[in-house]
Every structure is written in structure tokens, then in C-alpha cells.
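Enquirer: Hey, dropping input-v9.tsv in here, TSV, C-alpha atoms and all ligand atoms:
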```tsv
chain	number	residue	atom	x	y	z
A	1	MET	CA	-6.29	13.04	6.28
A	2	ARG	CA	-7.84	11.46	9.36
A	3	ILE	CA	-10.26	8.61	8.69
A	4	PRO	CA	-13.62	9.23	10.41
A	5	LEU	CA	-14.47	6.74	13.13
A	6	ILE	CA	-17.90	5.88	14.51
A	7	ALA	CA	-17.75	3.67	17.61
A	8	GLY	CA	-20.77	2.17	19.33
A	9	ASN	CA	-20.59	1.65	23.08
A	10	TRP	CA	-23.26	-0.83	24.12
A	11	LYS	CA	-22.39	-0.39	27.81
A	12	MET	CA	-24.16	-3.12	29.88
A	13	ASN	CA	-26.93	-3.75	27.35
A	14	MET	CA	-28.03	-6.44	24.89
A	15	ASN	CA	-27.63	-10.23	25.04
A	16	HIS	CA	-26.19	-12.77	22.63
A	17	GLU	CA	-29.29	-12.99	20.46
A	18	SER	CA	-30.17	-9.31	20.30
A	19	GLY	CA	-26.50	-8.41	19.88
A	20	LYS	CA	-25.96	-10.82	16.99
A	21	ASP	CA	-29.16	-9.66	15.33
A	22	LEU	CA	-28.05	-6.04	15.64
A	23	VAL	CA	-24.56	-6.52	14.18
A	24	ARG	CA	-25.89	-8.64	11.31
A	25	LYS	CA	-28.30	-5.86	10.37
A	26	ILE	CA	-25.57	-3.25	10.64
A	27	SER	CA	-22.95	-5.21	8.71
A	28	ASN	CA	-25.43	-5.85	5.89
A	29	LYS	CA	-25.81	-2.11	5.43
A	30	VAL	CA	-22.24	-1.00	6.08
A	31	SER	CA	-19.64	-1.76	3.47
A	32	ALA	CA	-15.95	-0.92	3.71
A	33	SER	CA	-16.09	2.80	3.16
A	34	ASP	CA	-14.40	6.01	4.12
A	35	THR	CA	-15.64	5.64	7.69
A	36	GLU	CA	-14.27	3.12	10.18
A	37	VAL	CA	-16.87	1.48	12.40
A	38	VAL	CA	-16.28	-0.19	15.77
A	39	VAL	CA	-18.73	-2.03	18.01
A	40	CYS	CA	-17.74	-2.16	21.69
A	41	CYS	CA	-19.85	-4.90	23.25
A	42	PRO	CA	-19.81	-6.41	26.76
A	43	PHE	CA	-17.04	-8.96	27.47
A	44	PRO	CA	-19.16	-12.15	27.40
A	45	MET	CA	-20.41	-11.32	23.89
A	46	LEU	CA	-17.03	-10.54	22.31
A	47	LEU	CA	-16.47	-14.03	20.91
A	48	GLU	CA	-19.87	-14.39	19.25
A	49	ILE	CA	-20.13	-10.81	18.07
A	50	GLY	CA	-16.58	-11.10	16.70
A	51	LYS	CA	-17.62	-14.18	14.71
A	52	CYS	CA	-20.60	-12.29	13.27
A	53	LEU	CA	-18.28	-9.49	12.19
A	54	SER	CA	-15.59	-11.70	10.69
A	55	ASP	CA	-16.69	-11.04	7.08
A	56	SER	CA	-17.45	-7.40	7.61
A	57	SER	CA	-15.35	-4.25	7.76
A	58	ILE	CA	-16.73	-3.46	11.23
A	59	MET	CA	-14.18	-3.90	13.99
A	60	LEU	CA	-14.57	-5.34	17.44
A	61	GLY	CA	-14.01	-3.23	20.54
A	62	ALA	CA	-14.10	-3.76	24.30
A	63	GLN	CA	-15.24	-1.32	26.97
A	64	ASN	CA	-12.42	-1.72	29.49
A	65	MET	CA	-9.33	-3.79	30.33
A	66	HIS	CA	-6.79	-4.21	33.12
A	67	TRP	CA	-3.21	-2.99	32.84
A	68	GLU	CA	-1.49	-6.13	34.17
A	69	ASN	CA	-0.79	-9.17	31.99
A	70	SER	CA	-2.22	-11.72	34.40
A	71	GLY	CA	-2.51	-12.51	38.10
A	72	ALA	CA	-4.78	-12.19	41.10
A	73	PHE	CA	-7.16	-9.51	39.79
A	74	THR	CA	-10.59	-11.03	40.35
A	75	GLY	CA	-13.14	-9.86	37.83
A	76	GLU	CA	-10.63	-8.27	35.50
A	77	ILE	CA	-9.72	-8.87	31.84
A	78	SER	CA	-6.24	-8.54	30.31
A	79	ALA	CA	-5.19	-7.09	26.96
A	80	ASP	CA	-4.03	-10.55	25.84
A	81	MET	CA	-7.45	-12.02	26.59
A	82	LEU	CA	-9.01	-9.31	24.43
A	83	LEU	CA	-6.50	-9.96	21.64
A	84	GLU	CA	-7.42	-13.65	21.64
A	85	LEU	CA	-10.99	-12.61	20.89
A	86	GLY	CA	-10.00	-10.35	18.00
A	87	VAL	CA	-10.45	-7.04	19.79
A	88	LYS	CA	-8.90	-4.09	17.94
A	89	TYR	CA	-10.12	-1.14	20.04
A	90	VAL	CA	-10.71	-0.63	23.75
A	91	ILE	CA	-12.53	2.22	25.49
A	92	ILE	CA	-10.43	3.47	28.39
A	93	GLY	CA	-11.38	5.89	31.13
A	94	HIS	CA	-15.05	6.26	30.24
A	95	SER	CA	-16.70	8.70	32.65
A	96	GLU	CA	-18.84	5.83	34.01
A	97	ARG	CA	-15.63	4.00	34.91
A	98	ARG	CA	-14.17	7.14	36.44
A	99	GLN	CA	-17.29	8.01	38.44
A	100	ILE	CA	-18.87	4.69	39.41
A	101	PHE	CA	-15.73	2.54	39.62
A	102	LEU	CA	-13.43	5.30	40.83
A	103	GLU	CA	-10.83	4.91	38.10
A	104	THR	CA	-8.09	7.49	38.42
A	105	ASN	CA	-6.00	9.13	35.72
A	106	HIS	CA	-3.08	7.03	36.93
A	107	MET	CA	-4.98	3.76	36.38
A	108	ILE	CA	-6.14	5.05	33.02
A	109	ASN	CA	-2.54	5.90	32.11
A	110	LEU	CA	-1.43	2.33	32.90
A	111	LYS	CA	-4.28	0.94	30.79
A	112	VAL	CA	-3.48	3.21	27.82
A	113	LYS	CA	0.17	2.10	27.97
A	114	LYS	CA	-0.71	-1.58	28.11
A	115	ALA	CA	-3.21	-1.30	25.25
A	116	LEU	CA	-0.58	0.43	23.09
A	117	GLU	CA	2.04	-2.16	24.01
A	118	ARG	CA	-0.34	-4.89	22.83
A	119	GLN	CA	-1.41	-2.94	19.75
A	120	ILE	CA	-5.01	-2.48	20.76
A	121	VAL	CA	-6.15	1.05	19.93
A	122	PRO	CA	-7.18	2.85	23.10
A	123	ILE	CA	-10.16	5.20	22.87
A	124	LEU	CA	-9.24	7.47	25.74
A	125	CYS	CA	-12.29	9.27	27.16
A	126	VAL	CA	-12.11	12.69	28.73
A	127	GLY	CA	-14.83	15.14	29.71
A	128	GLU	CA	-16.02	17.60	32.32
A	129	LEU	CA	-18.96	17.52	34.74
A	130	LEU	CA	-21.82	20.01	34.44
A	131	ASN	CA	-20.70	22.11	37.41
A	132	GLU	CA	-17.18	22.19	36.01
A	133	ARG	CA	-18.48	23.59	32.71
A	134	GLU	CA	-20.70	26.07	34.52
A	135	THR	CA	-17.77	27.35	36.56
A	136	GLN	CA	-15.50	27.69	33.52
A	137	GLN	CA	-13.24	24.82	34.56
A	138	THR	CA	-13.63	22.72	31.41
A	139	GLU	CA	-10.15	23.40	30.04
A	140	ARG	CA	-8.45	22.91	33.41
A	141	VAL	CA	-10.22	19.56	33.89
A	142	LEU	CA	-9.41	18.36	30.39
A	143	ARG	CA	-5.77	19.43	30.66
A	144	ASP	CA	-5.49	17.54	33.94
A	145	GLN	CA	-7.10	14.39	32.48
A	146	LEU	CA	-4.95	14.51	29.34
A	147	GLU	CA	-1.67	15.25	31.08
A	148	ASN	CA	-2.13	12.55	33.69
A	149	SER	CA	-3.60	9.89	31.38
A	150	LEU	CA	-0.77	10.30	28.90
A	151	VAL	CA	2.22	10.31	31.26
A	152	ASN	CA	5.24	8.68	29.57
A	153	ILE	CA	3.40	8.17	26.30
A	154	THR	CA	5.81	8.94	23.45
A	155	THR	CA	4.89	10.87	20.32
A	156	GLN	CA	4.98	7.67	18.33
A	157	GLU	CA	2.66	5.95	20.78
A	158	ALA	CA	0.36	8.97	20.96
A	159	SER	CA	-0.14	8.81	17.20
A	160	LYS	CA	-2.04	5.52	17.69
A	161	ILE	CA	-4.50	6.84	20.27
A	162	VAL	CA	-8.08	7.93	19.67
A	163	ILE	CA	-9.45	10.53	22.08
A	164	ALA	CA	-13.16	10.79	22.82
A	165	TYR	CA	-14.43	14.04	24.28
A	166	GLU	CA	-17.58	13.18	26.23
A	167	PRO	CA	-18.99	15.98	28.37
A	168	VAL	CA	-20.43	14.03	31.30
A	169	TRP	CA	-23.57	16.20	31.37
A	170	ALA	CA	-24.38	15.17	27.79
A	171	ILE	CA	-24.18	11.39	28.33
A	172	GLY	CA	-27.53	9.64	28.21
A	173	THR	CA	-29.31	12.90	29.03
A	174	GLY	CA	-30.50	13.88	25.57
A	175	LYS	CA	-28.54	17.12	26.10
A	176	THR	CA	-25.94	17.35	23.38
A	177	ALA	CA	-23.16	19.89	23.53
A	178	THR	CA	-23.93	22.48	20.87
A	179	PRO	CA	-21.84	22.02	17.74
A	180	GLU	CA	-19.99	25.19	18.80
A	181	GLN	CA	-19.22	23.82	22.28
A	182	ALA	CA	-18.06	20.48	20.84
A	183	ALA	CA	-15.94	22.18	18.19
A	184	GLU	CA	-14.40	24.62	20.63
A	185	THR	CA	-13.56	22.00	23.25
A	186	ILE	CA	-12.20	19.51	20.75
A	187	GLY	CA	-10.17	22.37	19.26
A	188	PHE	CA	-8.74	22.90	22.74
A	189	ILE	CA	-7.80	19.19	22.96
A	190	ARG	CA	-6.07	19.36	19.57
A	191	GLY	CA	-4.25	22.48	20.74
A	192	TRP	CA	-3.09	20.64	23.85
A	193	LEU	CA	-1.78	17.78	21.69
A	194	LYS	CA	0.11	20.29	19.56
A	195	GLU	CA	1.66	21.90	22.64
A	196	LYS	CA	2.70	18.54	24.07
A	197	TYR	CA	3.64	16.53	20.98
A	198	GLY	CA	3.97	19.02	18.12
A	199	GLU	CA	1.84	19.90	15.13
A	200	THR	CA	2.38	16.76	13.03
A	201	LEU	CA	1.13	14.52	15.82
A	202	SER	CA	-1.76	16.81	16.69
A	203	GLU	CA	-2.99	16.61	13.09
A	204	LYS	CA	-2.82	12.79	13.14
A	205	VAL	CA	-4.83	11.95	16.26
A	206	ARG	CA	-8.51	11.31	15.81
A	207	ILE	CA	-10.78	13.06	18.29
A	208	LEU	CA	-14.38	11.91	18.64
A	209	TYR	CA	-17.36	13.58	20.24
A	210	GLY	CA	-19.67	11.56	22.50
A	211	GLY	CA	-22.85	12.42	24.40
A	212	SER	CA	-26.41	11.97	23.07
A	213	VAL	CA	-25.27	11.57	19.46
A	214	LYS	CA	-28.28	10.75	17.27
A	215	PRO	CA	-28.95	10.54	13.52
A	216	ASP	CA	-30.43	14.03	13.58
A	217	ASN	CA	-27.45	15.78	15.19
A	218	ILE	CA	-24.46	13.88	13.77
A	219	SER	CA	-24.12	15.98	10.61
A	220	GLU	CA	-24.03	19.20	12.58
A	221	ILE	CA	-21.46	17.79	15.00
A	222	MET	CA	-19.28	16.52	12.16
A	223	GLU	CA	-19.19	19.91	10.49
A	224	SER	CA	-16.21	20.95	12.61
A	225	PRO	CA	-12.99	19.95	10.83
A	226	ASN	CA	-11.52	19.06	14.22
A	227	ILE	CA	-14.13	16.38	14.98
A	228	ASP	CA	-13.33	13.01	13.45
A	229	GLY	CA	-16.31	10.93	14.50
A	230	ALA	CA	-18.45	9.89	17.42
A	231	LEU	CA	-18.63	7.56	20.39
A	232	VAL	CA	-22.27	6.57	20.46
A	233	GLY	CA	-24.12	5.05	23.43
A	234	GLY	CA	-27.91	4.69	23.29
A	235	ALA	CA	-28.25	5.17	19.53
A	236	SER	CA	-25.77	2.33	18.86
A	237	LEU	CA	-28.34	-0.14	20.24
A	238	ASN	CA	-30.75	0.50	17.38
A	239	ASP	CA	-29.71	-0.69	13.92
A	240	GLU	CA	-31.40	2.08	11.95
A	241	ASP	CA	-30.10	4.84	14.18
A	242	PHE	CA	-26.56	3.50	14.20
A	243	ILE	CA	-26.56	2.96	10.42
A	244	ASN	CA	-27.84	6.50	9.86
A	245	ILE	CA	-25.11	7.85	12.12
A	246	ILE	CA	-22.47	5.87	10.20
A	247	HIS	CA	-23.83	7.24	6.94
A	248	PHE	CA	-23.85	10.81	8.22
A	249	GLN	CA	-22.11	12.22	5.15
A	250	HIS	CA	-25.05	11.25	2.98
A	251	SER	CA	-27.62	12.95	5.13
A	252	SER	CA	-25.77	16.28	5.26
A	301	LIG	O1	-21.29	7.49	26.95
A	301	LIG	C1	-21.52	7.53	25.76
A	301	LIG	C2	-20.72	6.75	24.79
A	301	LIG	O2	-19.58	6.23	25.39
A	301	LIG	C3	-22.61	8.36	25.24
A	301	LIG	O3	-23.82	7.76	25.57
A	301	LIG	P1	-25.19	8.31	24.91
A	301	LIG	O4	-24.93	8.38	23.42
A	301	LIG	O5	-26.22	7.34	25.30
A	301	LIG	O6	-25.39	9.69	25.48
```
Can you dump the structure from the file as C-alpha cells?
Ligand SMILES: O=C(CO)COP(=O)(O)O

Expert:
Amino acid sequence: MRIPLIAGNWKMNMNHESGKDLVRKISNKVSASDTEVVVCCPFPMLLEIGKCLSDSSIMLGAQNMHWENSGAFTGEISADMLLELGVKYVIIGHSERRQIFLETNHMINLKVKKALERQIVPILCVGELLNERETQQTERVLRDQLENSLVNITTQEASKIVIAYEPVWAIGTGKTATPEQAAETIGFIRGWLKEKYGETLSEKVRILYGGSVKPDNISEIMESPNIDGALVGGASLNDEDFINIIHFQHSS
């Protein structure tokens, strides 16, 4: 049985006050339940948001990290720095990092390895562009991202990873993949894991869907037995929306 996971990705939004207010409202309404909840806030807020979450079951996540332990990497943050702040999850290889900051699968692979070494759970993001979907290249693109992001990752290590399938054309656009598209593509990812690591591993890894997830489409998305939760952008900035997404079982 895979435990459902709902992760909020605040991206470069909120400030200390609005962030603290938001997590207080969420943690008041979310008790330890069958669903794990993670809030991935911007780096400068990790300490304060972590303090607000200390009595709650909600876990703290970051949105990126560097693969080296320390050194001359201006503007970067190491896994150990995140650990000091109580970070349990880290988003790696988000499409905004890949597209705007030109992160490659090789860099993403190094980050995944370092996160695993330091026992921070990587949420590895993969997903195709609109023109790639329209030209039937989705599976080729995903295979390439998975193969190259998971180079030298053992079966034991892979069992700790969370994968987020985020079709780039569905991010922040209000265009969600249909439940069929999400189910089919996530089924493909699980099939790839089975091919590479075997069936036992492929049944262990949680795979999330991300891209315009809202309270009114979460139940439909979660109907597929292959989909274990969601990586939520815009709707994670609103307490009611995020709470309703977390409580999706009750609205179905
Ligand atoms: O990129 C996303 C989460 O990482 C999705 O963002 P939206 O939910 O705003 O589409």
C-alpha cells in the first residue's frame, strides 16, 4: 500500500507573514491521517515555516538544492543546510528549473543522489512540453528524463524516491491533463520502473500528478490506482483550496 502524498509547491510566492498564516490554517484542519502532506516553501521561509509546523503532521519541503556539500557555489543551498532546517522532502528537476535555469538531467541526477545520501526524499519531476505531446513524443521524453535522472541509482535508493509527472503544458495554465491522460502516462512511468528495477520496486514508488490541480479535479485524478497524490502549485497558496485537495477522499 502506497501512502497518498499531497505536496504544495509555493514557488516564488508568499512572505513570512502570509506563509505562517497559511500553514497555521492548514495545520489546524489537517490531522495525522492516511495522507502525507508536504509544504515546499522558498528557502528564506524554511526556518519559520518549519517552526509553525513543528506540532503538526505536515512536513517541510524545499524546492531545489545543490549536489555538492559546500564550496564556491554562489547562490546555492546544500542538502546539509536543508537538513539543519528540518527539511524532509526536496523538489528536484521541476520543469521551471529545467527550462528557465537550464538544469540538465545530469545535474538532476547528481541532486537526486545527494538528496538520497542525506536522507531527504527527492520529488523528481518529469514531464513533456505541449509540442512533444502533440507529436507523440511523450513516452520518449519521459524515458529519456527518467533514464538520465536515475543513472547509478540502486533499487534500494529508488524505493525512497517520489516521482511527480507534471506535463509542462498543464502547469499554471488551468489546462489539466484529462484523468485518462494522467493515468495512462503515470502507468507508463510505473511500467518503466518495473522494466528497470523490477515489479516489487515499481509497486513501492509513489507517483504524483501535477499541473493545475484544484479541489474540483483532484478526486477524478486520484481515481487511477497508479496515481498516489499531487504536486500542487497555485492552489497550495490558498488554505481552503489546499485543505480541500488534501481531503479529496471525502469529497469523492
Ligand atoms: O508546477 C506545479 C507544481 O509543482 C503545478 O503548478 P499549478 O498547480 O499552479 O499548475

Enquirer: Show me, as a PyMOL selection string, the residues that have an atom within 6 Å of segment 63-69 of chain A when counting all atoms listed in the file, minus same-chain residues fewer than 2 positions from it.

Expert: chain A and resi 40+77-78+90-92+110-111+114

Enquirer: If I take atom CA of Lys194 of chain A and atom CA of Arg206 of chain A, how far is one from the other in Å, to one decimal?

Expert: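 Computing it gives 13.0 Å between the two atoms.
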
Enquirer: Name each residue within 6 Å of ligand LIG 301 (chain A), counting all atoms listed in the file, as a list in words.

Expert: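 Those residues are Asn9, Ile171, Gly172, Gly210, Gly211, Ser212, Val213, Leu231, Val232, Gly233 and Gly234 of chain A.
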
Enquirer: Between A:Ala170, A:Ile189, A:Leu146, A:Val162, which one has atoms that come closest to Arg133 of chain A, using all atoms listed in the file?

Expert: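 Going through A:Ala170, A:Ile189, A:Leu146, A:Val162 one by one, the smallest distance to Arg133 of chain A is for A:Ala170.
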
Enquirer: Tell me which protein, DNA and RNA residues are within 10 Å of Glu36 of chain A, counting all atoms listed in the file, leaving out same-chain ones fewer than 6 positions away, and put them as a PDB file with C-alpha atoms, keeping the file's coordinate frame.

Expert:
```
ATOM      1  CA  ILE A   3     -10.260   8.610   8.690  1.00  0.00           C
ATOM      2  CA  PRO A   4     -13.620   9.230  10.410  1.00  0.00           C
ATOM      3  CA  LEU A   5     -14.470   6.740  13.130  1.00  0.00           C
ATOM      4  CA  ILE A   6     -17.900   5.880  14.510  1.00  0.00           C
ATOM      5  CA  ALA A   7     -17.750   3.670  17.610  1.00  0.00           C
ATOM      6  CA  VAL A  30     -22.240  -1.000   6.080  1.00  0.00           C
ATOM      7  CA  SER A  57     -15.350  -4.250   7.760  1.00  0.00           C
ATOM      8  CA  ILE A  58     -16.730  -3.460  11.230  1.00  0.00           C
ATOM      9  CA  MET A  59     -14.180  -3.900  13.990  1.00  0.00           C
ATOM     10  CA  GLY A 229     -16.310  10.930  14.500  1.00  0.00           C
ATOM     11  CA  ILE A 246     -22.470   5.870  10.200  1.00  0.00           C
TER      12      ILE A 246
END
```

Enquirer: Skip segment 201-204 of chain A itself and residues of its chain fewer than 6 positions away, then list as a list in words all residues within 12 Å of it, counting all atoms listed in the file.

Expert: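 Counting only the stated atoms, we get Met1, Arg2, Ile3, Pro4, Thr154, Thr155, Gln156, Glu157, Ala158, Ser159, Lys160, Ile161, Val162, Ile163, Ile186, Gly187, Phe188, Ile189, Arg190, Gly191, Trp192, Leu193, Lys194, Glu195, Pro225, Asn226, Ile227 and Asp228 of chain A.
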
Enquirer: Considering all atoms listed in the file, return as a CSV table (one decimal) with C-alpha atoms, keeping the file's coordinate frame whatever protein or nucleic-acid residues lie within 10 Å of Glu17 of chain A, sequence-local ones (same chain, fewer than 6 positions apart) excluded.

Expert:
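The resulting file, selection-v2.csv, is reproduced below:
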```csv
chain,number,residue,atom,x,y,z
A,45,MET,CA,-20.4,-11.3,23.9
A,48,GLU,CA,-19.9,-14.4,19.2
A,49,ILE,CA,-20.1,-10.8,18.1
```

Enquirer: Show me, as a PyMOL selection string, the residues that have an atom within 10 Å of Asn13 of chain A when counting all atoms listed in the file, minus same-chain residues fewer than 5 positions from it.

Expert: chain A and resi 18-19+41-42+234+237

Enquirer: With segment 84-87 of chain A as the partner and 7 Å as the cut-off, tabulate the residues of segment 34-53 of chain A that qualify, each row holding the nearest pair of atoms and their distance in Å to one decimal, using all atoms listed in the file, sorted by chain and rising number, as CSV.

Expert:
```
residue,atom,partner,partner_atom,distance
A:Leu46,CA,A:Leu85,CA,6.5
A:Leu47,CA,A:Leu85,CA,5.7
A:Gly50,CA,A:Gly86,CA,6.7
```

Enquirer: At what distance in Å, to one decimal, does atom CA of Glu147 of chain A lie from atom CA of Gly71 of chain A?

Expert: 28.6 Å

Enquirer: Calculated over only C-alpha atoms, which of the candidates A:Cys125, A:Gly75, A:Pro44, A:Lys196 has the smallest distance to Ala230 of chain A?

Expert: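 Checking each candidate against Ala230 of chain A, we get A:Cys125 as the closest.
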
Enquirer: Enter the distance from atom CA of Asp144 of chain A to atom CA of Thr178 of chain A, in Å, rounded to one decimal.

Expert: 23.1 Å

Enquirer: As JSON, please report the centre and edge lengths, rounded to one decimal in Å, of the axis-aligned box that holds all listed atoms of segment 233-241 of chain A with 8 Å of padding on each of the six sides.

Expert:
```
{"center_x": -27.8, "center_y": 2.2, "center_z": 17.7, "size_x": 23.3, "size_y": 21.9, "size_z": 27.5}
```

Enquirer: Of the residues A:Ile221, A:Leu60, A:Leu83, A:Cys52, which is the one nearest to His16 of chain A, using only C-alpha atoms?

Expert: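 Closest to His16 of chain A, using only C-alpha atoms: A:Cys52.
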
Enquirer: In terms of the shortest atom-to-atom distance over all atoms listed in the file, which of A:Ala62, A:Ile243, A:Leu150, A:Leu124 is closest to Arg24 of chain A?

Expert: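 The closest residue to Arg24 of chain A is A:Ile243.
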
Enquirer: Find the residue from A:Lys29, A:His106, A:Lys88, A:Arg97 that sits nearest to Ile120 of chain A; use only C-alpha atoms when measuring.

Expert: A:Lys88

Enquirer: Check the smallest atom-to-atom distance from each of A:Val23, A:Met12, A:Leu130, A:Met107 to Phe242 of chain A using only C-alpha atoms, then report the winner.

Expert: A:Val23
